[in-house]
>>> print(open('coords22.cif').read())   # mmCIF, C-alpha atoms
data_protein
#
loop_
_atom_site.group_PDB
_atom_site.id
_atom_site.type_symbol
_atom_site.label_atom_id
_atom_site.label_comp_id
_atom_site.auth_asym_id
_atom_site.auth_seq_id
_atom_site.Cartn_x
_atom_site.Cartn_y
_atom_site.Cartn_z
ATOM 1 C CA MET L 179 -12.354 29.521 35.190
ATOM 2 C CA ILE L 180 -12.398 29.369 38.984
ATOM 3 C CA PHE L 181 -11.551 25.655 38.846
ATOM 4 C CA ALA L 182 -8.572 26.416 36.602
ATOM 5 C CA LEU L 183 -7.342 29.045 39.046
ATOM 6 C CA TRP L 184 -7.618 26.541 41.896
ATOM 7 C CA LEU L 185 -5.420 24.189 39.885
ATOM 8 C CA LEU L 186 -2.899 26.849 38.968
ATOM 9 C CA ALA L 187 -2.532 28.230 42.486
ATOM 10 C CA PRO L 188 -0.648 25.242 43.951
ATOM 11 C CA VAL L 189 1.490 24.977 40.810
ATOM 12 C CA GLY L 190 2.432 28.626 41.174
ATOM 13 C CA LEU L 191 3.174 28.141 44.856
ATOM 14 C CA VAL L 192 5.457 25.184 44.175
ATOM 15 C CA PHE L 193 7.257 27.066 41.415
ATOM 16 C CA GLY L 194 7.651 30.073 43.714
ATOM 17 C CA VAL L 195 9.200 27.895 46.420
ATOM 18 C CA GLY L 196 11.540 26.356 43.859
ATOM 19 C CA LEU L 197 12.523 29.756 42.506
ATOM 20 C CA GLY L 198 13.266 31.071 45.976
ATOM 21 C CA LEU L 199 15.373 28.032 46.857
ATOM 22 C CA SER L 200 17.189 28.214 43.528
ATOM 23 C CA PHE L 201 18.128 31.867 44.063
ATOM 24 C CA TYR L 202 19.219 31.059 47.609
ATOM 25 C CA MET L 203 21.444 28.132 46.650
ATOM 26 C CA THR L 204 23.032 29.808 43.616
ATOM 27 C CA ARG L 205 23.524 33.225 45.189
ATOM 28 C CA ARG L 206 26.927 34.862 45.444
ATOM 29 C CA GLN L 207 28.926 33.611 48.417
ATOM 30 C CA PRO L 208 30.743 36.236 50.488
ATOM 31 C CA LEU L 209 34.334 36.013 51.643
ATOM 32 C CA THR L 210 34.117 34.650 55.205
ATOM 33 C CA GLU L 211 37.766 33.845 55.981
ATOM 34 C CA ILE L 212 41.012 35.513 54.963
ATOM 35 C CA HIS L 213 44.284 33.602 55.026
ATOM 36 C CA SER L 214 47.599 33.918 53.259
ATOM 37 C CA PRO L 215 50.418 31.522 52.309
ATOM 38 C CA ALA L 216 52.645 33.939 54.196
ATOM 39 C CA GLU L 217 51.209 32.418 57.377
ATOM 40 C CA TYR L 218 53.163 29.293 56.436
ATOM 41 C CA GLY L 219 56.293 31.097 55.274
ATOM 42 C CA LEU L 220 55.506 30.547 51.598
ATOM 43 C CA GLU L 221 56.288 33.034 48.844
ATOM 44 C CA PHE L 222 53.265 33.651 46.645
ATOM 45 C CA GLU L 223 51.690 35.880 44.053
ATOM 46 C CA GLU L 224 48.116 37.111 43.911
ATOM 47 C CA VAL L 225 46.911 36.461 40.378
ATOM 48 C CA THR L 226 43.892 36.909 38.143
ATOM 49 C CA PHE L 227 42.974 34.923 35.057
ATOM 50 C CA GLU L 228 39.934 34.326 32.888
ATOM 51 C CA ALA L 229 37.600 31.361 32.980
ATOM 52 C CA ALA L 230 36.966 29.777 29.592
ATOM 53 C CA ASP L 231 33.900 32.019 29.161
ATOM 54 C CA GLY L 232 35.844 35.193 29.981
ATOM 55 C CA LEU L 233 34.813 35.705 33.616
ATOM 56 C CA THR L 234 37.625 37.074 35.812
ATOM 57 C CA LEU L 235 38.779 34.788 38.608
ATOM 58 C CA CYS L 236 41.126 35.623 41.473
ATOM 59 C CA GLY L 237 43.718 33.220 42.778
ATOM 60 C CA CYS L 238 46.928 32.612 44.628
ATOM 61 C CA TRP L 239 50.026 31.182 42.916
ATOM 62 C CA ILE L 240 52.674 29.455 45.054
ATOM 63 C CA PRO L 241 55.666 28.675 42.832
ATOM 64 C CA ALA L 242 58.121 25.830 43.292
ATOM 65 C CA PRO L 243 61.146 27.022 41.276
ATOM 66 C CA GLY L 244 62.460 24.436 38.850
ATOM 67 C CA SER L 245 59.327 22.293 38.952
ATOM 68 C CA GLU L 246 57.047 21.778 35.952
ATOM 69 C CA ARG L 247 54.379 20.015 38.061
ATOM 70 C CA ALA L 248 51.410 21.803 39.632
ATOM 71 C CA VAL L 249 48.369 20.970 41.739
ATOM 72 C CA VAL L 250 45.187 23.048 41.581
ATOM 73 C CA ILE L 251 43.260 23.013 44.875
ATOM 74 C CA LEU L 252 39.501 23.454 44.413
ATOM 75 C CA HIS L 253 37.392 24.622 47.346
ATOM 76 C CA GLY L 254 33.873 23.677 48.437
ATOM 77 C CA HIS L 255 30.559 25.477 47.969
ATOM 78 C CA GLY L 256 30.340 28.673 49.991
ATOM 79 C CA GLY L 257 34.079 28.696 50.580
ATOM 80 C CA SER L 258 37.088 30.326 49.011
ATOM 81 C CA LEU L 259 40.742 29.583 48.416
ATOM 82 C CA ASP L 260 41.416 30.736 52.002
ATOM 83 C CA TRP L 261 39.788 27.603 53.388
ATOM 84 C CA ASP L 262 42.393 25.387 51.739
ATOM 85 C CA ILE L 263 45.644 27.334 51.987
ATOM 86 C CA HIS L 264 46.663 25.087 54.882
ATOM 87 C CA ARG L 265 46.863 22.227 52.367
ATOM 88 C CA ALA L 266 49.493 23.981 50.234
ATOM 89 C CA PRO L 267 52.661 23.677 52.390
ATOM 90 C CA ALA L 268 52.897 19.878 52.192
ATOM 91 C CA LEU L 269 52.383 19.908 48.418
ATOM 92 C CA HIS L 270 54.902 22.701 47.984
ATOM 93 C CA ALA L 271 57.453 20.910 50.167
ATOM 94 C CA ALA L 272 57.019 17.846 47.941
ATOM 95 C CA GLY L 273 58.056 19.893 44.906
ATOM 96 C CA PHE L 274 54.715 20.944 43.437
ATOM 97 C CA ASN L 275 53.693 24.401 42.317
ATOM 98 C CA VAL L 276 50.295 25.161 43.856
ATOM 99 C CA LEU L 277 47.398 27.199 42.470
ATOM 100 C CA LEU L 278 44.334 28.069 44.508
ATOM 101 C CA PHE L 279 41.502 30.250 43.258
ATOM 102 C CA ASP L 280 37.960 31.306 44.128
ATOM 103 C CA PHE L 281 35.215 29.811 41.965
ATOM 104 C CA ARG L 282 32.861 32.211 40.187
ATOM 105 C CA ALA L 283 30.409 33.912 42.542
ATOM 106 C CA HIS L 284 32.712 33.075 45.460
ATOM 107 C CA GLY L 285 35.166 35.161 47.428
ATOM 108 C CA ARG L 286 37.172 37.613 45.331
ATOM 109 C CA SER L 287 36.206 36.273 41.899
ATOM 110 C CA ASP L 288 33.619 37.860 39.610
ATOM 111 C CA GLY L 289 30.183 36.432 38.960
ATOM 112 C CA ARG L 290 26.777 36.518 40.627
ATOM 113 C CA LEU L 291 25.612 32.972 40.006
ATOM 114 C CA ALA L 292 26.905 29.592 41.146
ATOM 115 C CA THR L 293 25.853 26.809 38.777
ATOM 116 C CA PHE L 294 26.439 23.447 40.512
ATOM 117 C CA GLY L 295 29.468 22.647 38.367
ATOM 118 C CA TYR L 296 28.049 23.478 34.933
ATOM 119 C CA LEU L 297 30.042 26.714 34.514
ATOM 120 C CA GLU L 298 32.554 26.013 37.270
ATOM 121 C CA ARG L 299 34.180 23.496 34.918
ATOM 122 C CA LEU L 300 35.029 26.519 32.761
ATOM 123 C CA ASP L 301 36.719 28.065 35.792
ATOM 124 C CA VAL L 302 38.932 24.989 36.034
ATOM 125 C CA GLN L 303 39.635 25.235 32.304
ATOM 126 C CA GLY L 304 40.829 28.798 32.861
ATOM 127 C CA ALA L 305 43.085 27.668 35.695
ATOM 128 C CA VAL L 306 44.640 25.003 33.475
ATOM 129 C CA GLU L 307 45.347 27.565 30.750
ATOM 130 C CA PHE L 308 46.933 29.848 33.368
ATOM 131 C CA LEU L 309 49.265 27.026 34.400
ATOM 132 C CA LYS L 310 50.232 26.274 30.821
ATOM 133 C CA ARG L 311 51.214 29.920 30.336
ATOM 134 C CA ARG L 312 53.442 29.549 33.400
ATOM 135 C CA GLY L 313 55.293 26.670 31.746
ATOM 136 C CA ILE L 314 53.632 23.863 33.704
ATOM 137 C CA LYS L 315 53.737 20.490 31.924
ATOM 138 C CA ARG L 316 51.966 18.172 34.393
ATOM 139 C CA ILE L 317 48.742 19.209 36.166
ATOM 140 C CA GLY L 318 46.738 17.613 38.954
ATOM 141 C CA LEU L 319 43.360 18.610 40.402
ATOM 142 C CA LEU L 320 42.634 18.265 44.125
ATOM 143 C CA GLY L 321 38.960 19.009 44.750
ATOM 144 C CA PHE L 322 36.930 19.031 47.941
ATOM 145 C CA SER L 323 33.125 18.581 47.898
ATOM 146 C CA TYR L 324 31.861 21.134 45.312
ATOM 147 C CA GLY L 325 35.438 21.374 44.065
ATOM 148 C CA GLY L 326 35.611 17.606 43.725
ATOM 149 C CA MET L 327 32.467 17.625 41.630
ATOM 150 C CA ALA L 328 33.871 20.443 39.483
ATOM 151 C CA SER L 329 37.087 18.482 38.969
ATOM 152 C CA THR L 330 35.215 15.455 37.611
ATOM 153 C CA LEU L 331 33.226 17.680 35.241
ATOM 154 C CA ALA L 332 36.278 19.658 34.117
ATOM 155 C CA ALA L 333 38.842 16.906 33.566
ATOM 156 C CA PRO L 334 36.972 15.398 30.590
ATOM 157 C CA ILE L 335 37.167 18.737 28.760
ATOM 158 C CA CYS L 336 40.726 19.517 29.919
ATOM 159 C CA PRO L 337 43.114 17.092 28.209
ATOM 160 C CA ASP L 338 46.070 18.799 29.902
ATOM 161 C CA VAL L 339 44.912 17.550 33.309
ATOM 162 C CA ASN L 340 46.957 14.460 34.133
ATOM 163 C CA ALA L 341 45.470 13.254 37.427
ATOM 164 C CA VAL L 342 42.488 13.966 39.688
ATOM 165 C CA ILE L 343 41.743 13.565 43.395
ATOM 166 C CA THR L 344 38.181 14.151 44.555
ATOM 167 C CA ASP L 345 37.410 14.212 48.277
ATOM 168 C CA GLY L 346 33.666 14.158 48.937
ATOM 169 C CA GLY L 347 32.682 15.259 45.446
ATOM 170 C CA PRO L 348 28.944 14.480 45.054
ATOM 171 C CA ALA L 349 27.783 12.073 42.381
ATOM 172 C CA ARG L 350 24.680 14.216 41.804
ATOM 173 C CA MET L 351 23.725 17.644 43.092
ATOM 174 C CA LYS L 352 20.185 16.345 43.689
ATOM 175 C CA THR L 353 21.407 13.849 46.277
ATOM 176 C CA ALA L 354 23.782 16.401 47.800
ATOM 177 C CA ILE L 355 20.953 18.916 48.225
ATOM 178 C CA THR L 356 18.724 16.171 49.603
ATOM 179 C CA GLY L 357 21.403 15.400 52.175
ATOM 180 C CA ARG L 358 21.611 19.043 53.164
ATOM 181 C CA CYS L 359 17.835 19.246 53.608
ATOM 182 C CA VAL L 360 17.818 16.095 55.736
ATOM 183 C CA GLU L 361 20.630 17.614 57.778
ATOM 184 C CA VAL L 362 18.293 20.460 58.766
ATOM 185 C CA ASN L 363 15.644 17.923 59.824
ATOM 186 C CA LEU L 364 13.355 17.869 56.783
ATOM 187 C CA PRO L 365 11.708 14.485 56.052
ATOM 188 C CA ARG L 366 13.673 12.618 53.394
ATOM 189 C CA GLY L 367 10.755 12.462 50.954
ATOM 190 C CA LEU L 368 10.223 16.222 51.142
ATOM 191 C CA ALA L 369 13.975 16.799 50.944
ATOM 192 C CA ALA L 370 14.237 14.758 47.745
ATOM 193 C CA PHE L 371 11.332 16.657 46.175
ATOM 194 C CA LEU L 372 12.849 20.042 47.056
ATOM 195 C CA ALA L 373 16.196 18.980 45.642
ATOM 196 C CA TRP L 374 14.541 17.957 42.379
ATOM 197 C CA LEU L 375 12.684 21.268 42.354
ATOM 198 C CA VAL L 376 15.876 23.293 42.872
ATOM 199 C CA ILE L 377 17.682 21.524 40.038
ATOM 200 C CA SER L 378 14.667 21.833 37.731
ATOM 201 C CA VAL L 379 14.118 25.550 38.342
ATOM 202 C CA THR L 380 17.836 26.337 38.161
ATOM 203 C CA SER L 381 17.965 24.467 34.851
ATOM 204 C CA LEU L 382 15.207 26.748 33.559
ATOM 205 C CA ARG L 383 17.063 29.815 34.756
ATOM 206 C CA LEU L 384 20.299 28.701 33.058
ATOM 207 C CA GLY L 385 18.636 27.359 29.928
ATOM 208 C CA VAL L 386 20.388 24.011 30.327
ATOM 209 C CA ASN L 387 19.435 20.601 31.715
ATOM 210 C CA LEU L 388 21.673 20.368 34.785
ATOM 211 C CA SER L 389 20.901 16.671 35.133
ATOM 212 C CA ARG L 390 23.158 16.158 32.119
ATOM 213 C CA TYR L 391 26.038 17.694 34.069
ATOM 214 C CA GLU L 392 26.170 15.329 37.011
ATOM 215 C CA ALA L 393 29.577 13.971 38.016
ATOM 216 C CA VAL L 394 28.329 10.405 37.677
ATOM 217 C CA ARG L 395 27.680 11.036 33.962
ATOM 218 C CA TRP L 396 31.128 12.519 33.268
ATOM 219 C CA VAL L 397 33.586 10.726 35.522
ATOM 220 C CA GLY L 398 34.014 7.826 33.089
ATOM 221 C CA GLN L 399 35.489 10.217 30.518
ATOM 222 C CA ILE L 400 38.515 11.012 32.688
ATOM 223 C CA ALA L 401 40.209 7.697 31.801
ATOM 224 C CA PRO L 402 42.907 6.811 30.889
ATOM 225 C CA ARG L 403 44.076 9.466 33.338
ATOM 226 C CA PRO L 404 44.040 8.248 36.955
ATOM 227 C CA ILE L 405 41.570 9.354 39.611
ATOM 228 C CA LEU L 406 41.691 8.859 43.380
ATOM 229 C CA PHE L 407 38.426 8.974 45.336
ATOM 230 C CA VAL L 408 38.429 9.827 49.046
ATOM 231 C CA HIS L 409 35.095 8.811 50.582
ATOM 232 C CA GLY L 410 33.886 8.870 54.160
ATOM 233 C CA GLU L 411 31.157 6.291 54.684
ATOM 234 C CA LEU L 412 29.183 8.775 56.817
ATOM 235 C CA ASP L 413 29.137 11.352 54.018
ATOM 236 C CA GLN L 414 25.507 12.489 53.954
ATOM 237 C CA TYR L 415 26.031 14.390 50.698
ATOM 238 C CA CYS L 416 27.106 11.365 48.686
ATOM 239 C CA PRO L 417 24.940 8.350 49.598
ATOM 240 C CA ASP L 418 25.202 7.250 45.959
ATOM 241 C CA PHE L 419 29.002 7.214 45.979
ATOM 242 C CA ASP L 420 29.183 3.586 44.858
ATOM 243 C CA GLU L 421 27.457 4.585 41.600
ATOM 244 C CA LEU L 422 30.039 7.313 41.065
ATOM 245 C CA TYR L 423 32.927 4.944 41.667
ATOM 246 C CA ALA L 424 31.416 2.284 39.417
ATOM 247 C CA ALA L 425 30.997 4.848 36.618
ATOM 248 C CA ALA L 426 34.692 5.742 36.726
ATOM 249 C CA LYS L 427 36.993 3.705 34.524
ATOM 250 C CA GLN L 428 40.449 2.382 35.286
ATOM 251 C CA PRO L 429 42.909 3.510 36.413
ATOM 252 C CA LYS L 430 41.082 4.463 39.609
ATOM 253 C CA GLU L 431 41.804 4.208 43.315
ATOM 254 C CA LEU L 432 39.593 4.421 46.389
ATOM 255 C CA TRP L 433 40.362 5.368 49.963
ATOM 256 C CA ARG L 434 37.171 4.502 51.833
ATOM 257 C CA LEU L 435 36.947 5.532 55.478
ATOM 258 C CA PRO L 436 34.415 3.946 57.870
ATOM 259 C CA GLY L 437 33.042 6.319 60.493
ATOM 260 C CA VAL L 438 34.221 9.456 58.654
ATOM 261 C CA GLY L 439 31.939 12.236 57.413
ATOM 262 C CA HIS L 440 31.968 14.672 54.512
ATOM 263 C CA THR L 441 35.547 15.791 53.606
ATOM 264 C CA LYS L 442 36.763 14.861 57.096
ATOM 265 C CA ALA L 443 39.532 12.483 56.005
ATOM 266 C CA SER L 444 42.242 15.141 56.294
ATOM 267 C CA GLU L 445 41.074 16.048 59.806
ATOM 268 C CA THR L 446 40.661 12.479 61.013
ATOM 269 C CA TYR L 447 43.829 11.044 59.457
ATOM 270 C CA PRO L 448 46.001 14.062 58.572
ATOM 271 C CA GLU L 449 49.307 12.229 58.114
ATOM 272 C CA GLU L 450 47.741 9.433 56.070
ATOM 273 C CA PHE L 451 45.888 11.984 53.965
ATOM 274 C CA ARG L 452 49.069 13.880 53.134
ATOM 275 C CA ARG L 453 50.938 10.660 52.383
ATOM 276 C CA ARG L 454 48.263 9.389 49.999
ATOM 277 C CA VAL L 455 47.742 12.702 48.196
ATOM 278 C CA ILE L 456 51.441 13.393 47.697
ATOM 279 C CA GLY L 457 52.117 9.777 46.761
ATOM 280 C CA PHE L 458 49.353 9.793 44.159
ATOM 281 C CA PHE L 459 50.529 13.015 42.546
ATOM 282 C CA ASP L 460 54.191 11.967 42.740
ATOM 283 C CA GLU L 461 53.357 8.818 40.817
ATOM 284 C CA ASN L 462 51.101 10.426 38.217
ATOM 285 C CA LEU L 463 52.468 13.910 37.568
#
>>> encode(input="coords22.cif", output="structure tokens")
Amino acid sequence: MIFALWLLAPVGLVFGVGLGLSFYMTRRQPLTEIHSPAEYGLEFEEVTFEAADGLTLCGCWIPAPGSERAVVILHGHGGSLDWDIHRAPALHAAGFNVLLFDFRAHGRSDGRLATFGYLERLDVQGAVEFLKRRGIKRIGLLGFSYGGMASTLAAPICPDVNAVITDGGPARMKTAITGRCVEVNLPRGLAAFLAWLVISVTSLRLGVNLSRYEAVRWVGQIAPRPILFVHGELDQYCPDFDELYAAAKQPKELWRLPGVGHTKASETYPEEFRRRVIGFFDENL
């Protein structure tokens, strides 16, 4: 009996650590910045719509009168639509309607649990249905980091999405979490184990195997719709990017940037970034 308790104690400790990390990484993210399209002289409407599972999401609709094309901008983990409003003016000036919204458990939207893309793909589904009700015929997704991952998980189940751009979207949450742990100076071996533990425990909490909902497993289903990858070679959250790109089917494009980190392309090469994004959507929407 005592021997059994000695065996169970470390197992319980490991599970407790995993549970704590899982709650920490999936917790609700507060609103940390507040911005408005009005800062850029854009007319807009604050909107709400339902995710595919009925959860209420809050967003910002920037109409381009006369246009039936729209781009949905998808923010990163811990962020909100406010972080990306500065990206809207160039798209709007190019003739695109723009929709930004807060993912579940982020910013103004409902929800207490972030799910590493598993349910966030339903948020994107809800956004697509919102656009269709507004008369939009051609839809593009522009996702950054967490939003890029969500876009690659959502597009396969959203046939009305016509084109996707993912900037820094991780191939696997395990490697992204490993990168974050290494970033805070944990040894890589320990970081990889903790990442596996977080995904495993969160899978138990959700009642689903999250490893089945990795971007690398879904990206190939986006074809024949085009996808553009933006990848900085110093991106610590996506060391397995080449696997993600290889898993995608044609038509696909890649803008690879030596010496650039996670989602830093638009900061490092702002004019080139705008030109490529607008050019890609102009051609495919």
>>> resolve_selection(input="coords22.cif", expression="the PyMOL selection byres ((chain L and resi 388) around 10)", output="PyMOL selection string")
chain L and resi 293-296+350-352+377-382+384-387+389-392
>>> residues_around(input="coords22.cif", residues="Glu246 in chain L", least_positions_apart="5", cutoff="10 Å", atoms="all atoms listed in the file", output="ChimeraX atom specification")
/L:241,273-275,309-310,312-317,463
>>> write_last_selection(input="coords22.cif", atoms="C-alpha atoms", output="short mmCIF file (atom, residue, chain, number, x, y, z; two decimals), in the frame of the given file")
data_model
loop_
_atom_site.label_atom_id
_atom_site.label_comp_id
_atom_site.auth_asym_id
_atom_site.auth_seq_id
_atom_site.Cartn_x
_atom_site.Cartn_y
_atom_site.Cartn_z
CA PRO L 241 55.67 28.68 42.83
CA GLY L 273 58.06 19.89 44.91
CA PHE L 274 54.72 20.94 43.44
CA ASN L 275 53.69 24.40 42.32
CA LEU L 309 49.26 27.03 34.40
CA LYS L 310 50.23 26.27 30.82
CA ARG L 312 53.44 29.55 33.40
CA GLY L 313 55.29 26.67 31.75
CA ILE L 314 53.63 23.86 33.70
CA LYS L 315 53.74 20.49 31.92
CA ARG L 316 51.97 18.17 34.39
CA ILE L 317 48.74 19.21 36.17
CA LEU L 463 52.47 13.91 37.57
#
>>> residues_near_point(input="coords22.cif", point="(46.4, 15.6, 33.4)", cutoff="7 Å", atoms="only C-alpha atoms", output="ChimeraX atom specification")
/L:316-318,337-341,403
>>> atom_distance(input="coords22.cif", atom1="CA of Pro402 in chain L", atom2="CA of Pro334 in chain L")
10.4 Å
>>> closest_residue(input="coords22.cif", among="L:Thr234, L:Thr344, L:Asn462, L:Ser444", to="Phe419 in chain L", atoms="all atoms listed in the file")
L:Thr344
>>> resolve_selection(input="coords22.cif", expression="the PyMOL selection byres ((chain L and resi 263) around 10)", output="PyMOL selection string")
chain L and resi 212-218+238+251+253+258-262+264-267+276-278
>>> closest_residue(input="coords22.cif", among="L:Arg383, L:Phe407, L:Gly326, L:Cys416", to="Thr356 in chain L", atoms="all atoms listed in the file")
L:Cys416
>>> residues_around(input="coords22.cif", residues="Phe281 in chain L", least_positions_apart="6", cutoff="12 Å", atoms="only C-alpha atoms", output="NGL selection string")
:L and (206-209 or 226-229 or 233-237 or 251-260 or 287-305 or 321 or 324-325 or 328-329)
>>> decode(input="coords22.cif", residues="range 236-259 of chain L", atoms="N, CA and C atoms", output="tab-separated table (two decimals), in the first residue's frame")
chain	number	residue	atom	x	y	z
L	236	CYS	N	-18.11	39.46	-30.29
L	236	CYS	CA	-18.20	40.89	-30.55
L	236	CYS	C	-17.16	41.29	-31.60
L	237	GLY	N	-17.58	42.16	-32.51
L	237	GLY	CA	-16.69	42.53	-33.59
L	237	GLY	C	-16.87	43.95	-34.05
L	238	CYS	N	-16.15	44.26	-35.12
L	238	CYS	CA	-16.14	45.59	-35.69
L	238	CYS	C	-16.23	45.44	-37.21
L	239	TRP	N	-17.25	46.02	-37.80
L	239	TRP	CA	-17.52	45.91	-39.24
L	239	TRP	C	-17.20	47.24	-39.91
L	240	ILE	N	-16.28	47.19	-40.89
L	240	ILE	CA	-15.87	48.38	-41.63
L	240	ILE	C	-16.31	48.19	-43.08
L	241	PRO	N	-17.43	48.79	-43.47
L	241	PRO	CA	-17.97	48.53	-44.80
L	241	PRO	C	-17.25	49.31	-45.90
L	242	ALA	N	-17.20	48.69	-47.06
L	242	ALA	CA	-16.73	49.34	-48.28
L	242	ALA	C	-17.90	49.33	-49.25
L	243	PRO	N	-18.70	50.39	-49.29
L	243	PRO	CA	-19.93	50.40	-50.08
L	243	PRO	C	-19.68	50.00	-51.54
L	244	GLY	N	-20.56	49.10	-52.02
L	244	GLY	CA	-20.45	48.65	-53.40
L	244	GLY	C	-19.57	47.44	-53.61
L	245	SER	N	-18.84	47.04	-52.56
L	245	SER	CA	-17.94	45.89	-52.69
L	245	SER	C	-18.58	44.64	-52.11
L	246	GLU	N	-18.42	43.52	-52.80
L	246	GLU	CA	-18.90	42.24	-52.31
L	246	GLU	C	-17.75	41.36	-51.83
L	247	ARG	N	-16.58	41.98	-51.59
L	247	ARG	CA	-15.39	41.26	-51.11
L	247	ARG	C	-15.09	41.69	-49.68
L	248	ALA	N	-14.69	40.74	-48.85
L	248	ALA	CA	-14.39	41.07	-47.45
L	248	ALA	C	-13.20	40.26	-46.96
L	249	VAL	N	-12.45	40.87	-46.05
L	249	VAL	CA	-11.34	40.20	-45.37
L	249	VAL	C	-11.63	40.18	-43.88
L	250	VAL	N	-11.49	39.00	-43.28
L	250	VAL	CA	-11.64	38.83	-41.84
L	250	VAL	C	-10.23	38.81	-41.24
L	251	ILE	N	-9.95	39.72	-40.32
L	251	ILE	CA	-8.65	39.77	-39.65
L	251	ILE	C	-8.77	39.05	-38.31
L	252	LEU	N	-7.87	38.09	-38.09
L	252	LEU	CA	-7.93	37.21	-36.92
L	252	LEU	C	-6.72	37.45	-36.03
L	253	HIS	N	-6.97	37.83	-34.79
L	253	HIS	CA	-5.89	38.25	-33.89
L	253	HIS	C	-5.19	37.07	-33.23
L	254	GLY	N	-4.11	37.37	-32.52
L	254	GLY	CA	-3.31	36.36	-31.84
L	254	GLY	C	-3.82	36.04	-30.44
L	255	HIS	N	-3.23	35.02	-29.83
L	255	HIS	CA	-3.61	34.59	-28.49
L	255	HIS	C	-3.32	35.70	-27.48
L	256	GLY	N	-4.29	35.97	-26.62
L	256	GLY	CA	-4.14	37.01	-25.61
L	256	GLY	C	-4.46	38.39	-26.12
L	257	GLY	N	-4.78	38.50	-27.40
L	257	GLY	CA	-5.05	39.81	-27.98
L	257	GLY	C	-6.54	40.08	-28.12
L	258	SER	N	-6.84	40.97	-29.03
L	258	SER	CA	-8.22	41.32	-29.35
L	258	SER	C	-8.20	42.00	-30.70
L	259	LEU	N	-9.37	42.32	-31.21
L	259	LEU	CA	-9.44	42.99	-32.50
L	259	LEU	C	-8.69	44.32	-32.49
